[in-house]
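Below you'll find the structure, written out as structure tokens, and then a few comments.
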Amino acid sequence: MKTLYLIRHAKSSWAFDLDDHDRPLGPRGRKAIVKMGKYLKKHVEVPNLIITSTASRAFYTALHLADYWEYPEEQIMLSNTLYHCSFQDIEGILGGFSSEDCIAIVGHNPTFTQFNNRFSDKPIDNIPTCGIVGLEFDINSWKEIMMGKARQTFFYRPKEI
């Protein structure tokens with residue numbers, strides 16, 4: 001059994017004249033991380049691995065959630081690929097791992113929603129900022145994931161927590 005958490009980055013700030021990759025978290029995003037972090041600490045198993053996009057808003061979302069999970073920040077894996085990727089890129093990233101049973105990926109839409117809708121038994125319209133979807137695959141290796149074969153175990157949104 002393998003478990004995947006798709007975590008969309010928290011809301012970013014548009015207050016600065018920065019490249020999209022460098023946009024920081026905004027006030028709403030920082031509040032949502034606190035809310036989600038407290039909830040995840042109590043209700044969601046700590047992942048064996050956290051992988052994050054290198055975009056500032058995704059990276060800082062990963063760092064904050066790692067703190068709530070008491071996950072060592074130096075073990076967070078940075079991936080340039082996750083910044084502008086396809087669901088096939090995520091599939092390829094996951095295929096490079098074997099022993100990790102539970103992986104959290106922090107990144108961006110529309111790719112995360114597309115990934116859920118191609119692999120999960122429950123399609124969704126949109127993963128909102130700081131939203132998290134849990135997917136369970138009945139497989140032994142990440143190389144075995146198949147479209148339509150994941151069971152969505154949860155879908156948490158900051159507004160509903």
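Naming works like this for the structure tokens: A, B, ... for the chains as they're shown, residue 1 at the start of each chain, ligands 1 onward in shown order.
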(request) Apply DSSP to the backbone of this structure and, from stretch 6-156 of chain A, keep only the residues in alpha helix (DSSP H); write these as a VMD selection string. (result) chain A and resid 27 to 43 56 to 69 87 to 95 111 to 119
(request) Would you list, as a PyMOL selection string, the residues of chain A that end up in strand (DSSP E) under DSSP run on this structure's backbone? (result) chain A and resi 2-8+49-53+77-79+102-107+132-137+150-156
Taking 4 positions as the minimum chain separation for residues in the same chain, which residues sit within 9 Å of A:Ala55 when counting only C-alpha atoms? Answer as a compact mmCIF listing (two decimals) with all heavy atoms, in the first residue's frame.
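Result file follows (out.txt):
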# COMPACT_ATOMS: atom_id res chain seq x y z
N ASP A 20 6.93 35.22 -10.90
CA ASP A 20 5.96 34.29 -10.33
C ASP A 20 6.62 33.25 -9.41
O ASP A 20 6.10 32.94 -8.34
CB ASP A 20 5.19 33.58 -11.44
CG ASP A 20 4.17 32.61 -10.90
OD1 ASP A 20 3.17 33.07 -10.30
OD2 ASP A 20 4.38 31.38 -11.05
N HIS A 21 7.75 32.73 -9.81
CA HIS A 21 8.46 31.71 -9.02
C HIS A 21 8.83 32.23 -7.63
O HIS A 21 8.90 31.45 -6.68
CB HIS A 21 9.72 31.28 -9.78
CG HIS A 21 10.45 30.14 -9.14
ND1 HIS A 21 11.40 30.32 -8.17
CD2 HIS A 21 10.33 28.80 -9.33
CE1 HIS A 21 11.86 29.14 -7.79
NE2 HIS A 21 11.23 28.20 -8.48
N ASP A 22 9.05 33.52 -7.51
CA ASP A 22 9.56 34.10 -6.26
C ASP A 22 8.48 34.69 -5.36
O ASP A 22 8.80 35.21 -4.29
CB ASP A 22 10.60 35.17 -6.58
CG ASP A 22 11.78 34.59 -7.34
OD1 ASP A 22 12.13 33.42 -7.11
OD2 ASP A 22 12.34 35.31 -8.19
N ARG A 23 7.22 34.63 -5.76
CA ARG A 23 6.17 35.24 -4.95
C ARG A 23 6.08 34.56 -3.58
O ARG A 23 5.98 33.33 -3.51
CB ARG A 23 4.81 35.16 -5.65
CG ARG A 23 4.62 36.25 -6.67
CD ARG A 23 3.21 36.35 -7.21
NE ARG A 23 2.86 35.19 -8.02
CZ ARG A 23 1.86 34.37 -7.75
NH1 ARG A 23 1.09 34.56 -6.71
NH2 ARG A 23 1.61 33.35 -8.53
N PRO A 24 6.09 35.34 -2.50
CA PRO A 24 6.02 34.76 -1.15
C PRO A 24 4.58 34.44 -0.76
O PRO A 24 3.63 34.75 -1.48
CB PRO A 24 6.57 35.89 -0.27
CG PRO A 24 6.14 37.13 -0.99
CD PRO A 24 6.24 36.79 -2.47
N PHE A 59 7.62 26.11 -1.36
CA PHE A 59 8.70 25.77 -0.44
C PHE A 59 8.35 26.16 0.99
O PHE A 59 8.50 25.37 1.93
CB PHE A 59 9.99 26.45 -0.90
CG PHE A 59 11.15 26.24 0.03
CD1 PHE A 59 11.67 24.97 0.23
CD2 PHE A 59 11.71 27.30 0.70
CE1 PHE A 59 12.75 24.78 1.09
CE2 PHE A 59 12.79 27.12 1.55
CZ PHE A 59 13.31 25.85 1.75
N TYR A 60 7.82 27.37 1.18
CA TYR A 60 7.47 27.80 2.54
C TYR A 60 6.24 27.08 3.07
O TYR A 60 6.14 26.84 4.28
CB TYR A 60 7.35 29.32 2.62
CG TYR A 60 8.72 29.94 2.67
CD1 TYR A 60 9.29 30.51 1.53
CD2 TYR A 60 9.48 29.88 3.83
CE1 TYR A 60 10.57 31.02 1.56
CE2 TYR A 60 10.77 30.39 3.86
CZ TYR A 60 11.31 30.96 2.72
OH TYR A 60 12.59 31.45 2.75
N ASN A 80 12.77 21.14 -8.98
CA ASN A 80 12.48 22.16 -10.00
C ASN A 80 11.37 21.70 -10.94
O ASN A 80 10.60 22.51 -11.45
CB ASN A 80 13.74 22.46 -10.82
CG ASN A 80 14.76 23.25 -10.04
OD1 ASN A 80 14.41 24.14 -9.28
ND2 ASN A 80 16.02 22.92 -10.21
N LEU A 82 8.63 20.26 -10.37
CA LEU A 82 7.27 20.48 -9.88
C LEU A 82 6.73 21.88 -10.14
O LEU A 82 5.54 22.11 -10.00
CB LEU A 82 7.18 20.18 -8.38
CG LEU A 82 7.23 18.71 -7.99
CD1 LEU A 82 7.31 18.57 -6.47
CD2 LEU A 82 6.01 17.98 -8.53
N TYR A 83 7.58 22.82 -10.53
CA TYR A 83 7.10 24.20 -10.72
C TYR A 83 6.12 24.29 -11.89
O TYR A 83 5.02 24.79 -11.74
CB TYR A 83 8.27 25.18 -10.89
CG TYR A 83 7.80 26.60 -11.12
CD1 TYR A 83 6.92 27.21 -10.25
CD2 TYR A 83 8.23 27.31 -12.22
CE1 TYR A 83 6.48 28.51 -10.46
CE2 TYR A 83 7.80 28.61 -12.44
CZ TYR A 83 6.93 29.20 -11.57
OH TYR A 83 6.48 30.46 -11.78
N GLY A 107 2.93 21.53 -4.28
CA GLY A 107 3.10 22.16 -5.58
C GLY A 107 1.89 22.96 -6.02
O GLY A 107 1.29 23.67 -5.21
(message) When you count only C-alpha atoms, which of these residues is closest to A:Met36: A:Ile93, A:Glu144, A:Ile76, A:Gly131?
(response) A:Gly131
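Excluding A:Pro158 and any residue on its chain fewer than 5 positions from it, the residues at most 9 Å away by only C-alpha atoms are Ala32, Ile33, Lys35, Met36, Pro128, Thr129, Cys130 and Gly131 of chain A.
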With N, CA and C atoms retained, export the selected residues as an mmCIF file, in the first residue's frame.
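Output file out-v8.cif follows:
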data_model
loop_
_atom_site.group_PDB
_atom_site.id
_atom_site.type_symbol
_atom_site.label_atom_id
_atom_site.label_comp_id
_atom_site.auth_asym_id
_atom_site.auth_seq_id
_atom_site.Cartn_x
_atom_site.Cartn_y
_atom_site.Cartn_z
ATOM 1 N N ALA A 32 -3.827 30.205 6.711
ATOM 2 C CA ALA A 32 -4.301 28.881 6.296
ATOM 3 C C ALA A 32 -3.306 27.792 6.689
ATOM 4 N N ILE A 33 -2.012 28.075 6.590
ATOM 5 C CA ILE A 33 -1.003 27.085 6.973
ATOM 6 C C ILE A 33 -1.107 26.748 8.457
ATOM 7 N N LYS A 35 -3.779 26.914 10.362
ATOM 8 C CA LYS A 35 -5.005 26.121 10.520
ATOM 9 C C LYS A 35 -4.801 24.688 10.023
ATOM 10 N N MET A 36 -4.270 24.553 8.809
ATOM 11 C CA MET A 36 -4.078 23.226 8.227
ATOM 12 C C MET A 36 -2.997 22.437 8.961
ATOM 13 N N PRO A 128 -8.095 23.845 -3.721
ATOM 14 C CA PRO A 128 -7.838 25.255 -3.413
ATOM 15 C C PRO A 128 -6.456 25.435 -2.782
ATOM 16 N N THR A 129 -6.024 26.682 -2.682
ATOM 17 C CA THR A 129 -4.739 26.938 -2.031
ATOM 18 C C THR A 129 -4.769 26.370 -0.623
ATOM 19 N N CYS A 130 -3.696 25.720 -0.258
ATOM 20 C CA CYS A 130 -3.484 25.037 1.021
ATOM 21 C C CYS A 130 -4.429 23.846 1.205
ATOM 22 N N GLY A 131 -5.055 23.393 0.120
ATOM 23 C CA GLY A 131 -5.868 22.186 0.175
ATOM 24 C C GLY A 131 -4.981 20.960 0.077
#
(request) Have a look at A:Asp19, A:Glu160, A:Asp125, A:Asp101 and name the one nearest to A:Arg57; count only C-alpha atoms. (result) A:Asp19
(message) At a cut-off of 8 Å, using only C-alpha atoms, what residues contact stretch 84-88 of chain A? Leave out same-chain residues fewer than 3 positions from it and give the result as a VMD selection string.
(response) chain A and resid 81 91 to 92 108 111 to 112 114 to 115
(request) Could you please determine the separation between atom CA of A:Pro123 and atom CA of A:His9 in Å, to one decimal place? (result)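 Atom-to-atom, atom CA of A:Pro123 and atom CA of A:His9 are spaced 19.7 Å apart.
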(request) Find the residue from A:His43, A:Ile124, A:Ile51, A:Ala58 that sits nearest to A:Gly29; use only C-alpha atoms when measuring. (result)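 Of A:His43, A:Ile124, A:Ile51, A:Ala58, the one nearest A:Gly29, counting only C-alpha atoms, is A:Ala58.
With only C-alpha atoms as the atoms that count, the minimum distance from A:Phe137 to the choices A:Phe97, A:Phe119, A:Phe155, A:Tyr68 is reached by A:Phe119.
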(request) Can you work out which one of A:Val34, A:Lys41, A:Met77, A:Ile90 has the shortest atom-to-atom distance to A:His64, counting only C-alpha atoms? (result)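 For A:His64, the nearest of the given residues is A:Val34.
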(message) At a cut-off of 7 Å, using only C-alpha atoms, what residues contact A:Leu78? Leave out same-chain residues fewer than 6 positions from it and give the result as a PyMOL selection string.
(response) chain A and resi 51-54
Those residues you just picked out, can you put them in a file as a PDB file, in the first residue's frame with C-alpha atoms?
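again-v5.pdb was written with the following content:
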ATOM      1  CA  ILE A  51       8.901  16.787  -1.976  1.00  0.00           C
ATOM      2  CA  THR A  52       8.270  20.423  -2.887  1.00  0.00           C
ATOM      3  CA  SER A  53       8.355  22.705  -5.858  1.00  0.00           C
ATOM      4  CA  THR A  54      11.170  25.255  -5.631  1.00  0.00           C
TER       5      THR A  54
END
(message) From the options A:Arg8, A:Leu40, A:Leu65, A:Leu18, which residue's atoms come nearest to A:Ile127, counting only C-alpha atoms?
(response) A:Arg8
(message) Rounded to one decimal, what separation in Å do you get between atom CA of A:Asn140 and atom CA of A:Lys2?
(response) 7.0 Å
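Here atom CA of A:Tyr71 is placed at a distance of 25.2 Å from atom CA of A:Thr113.
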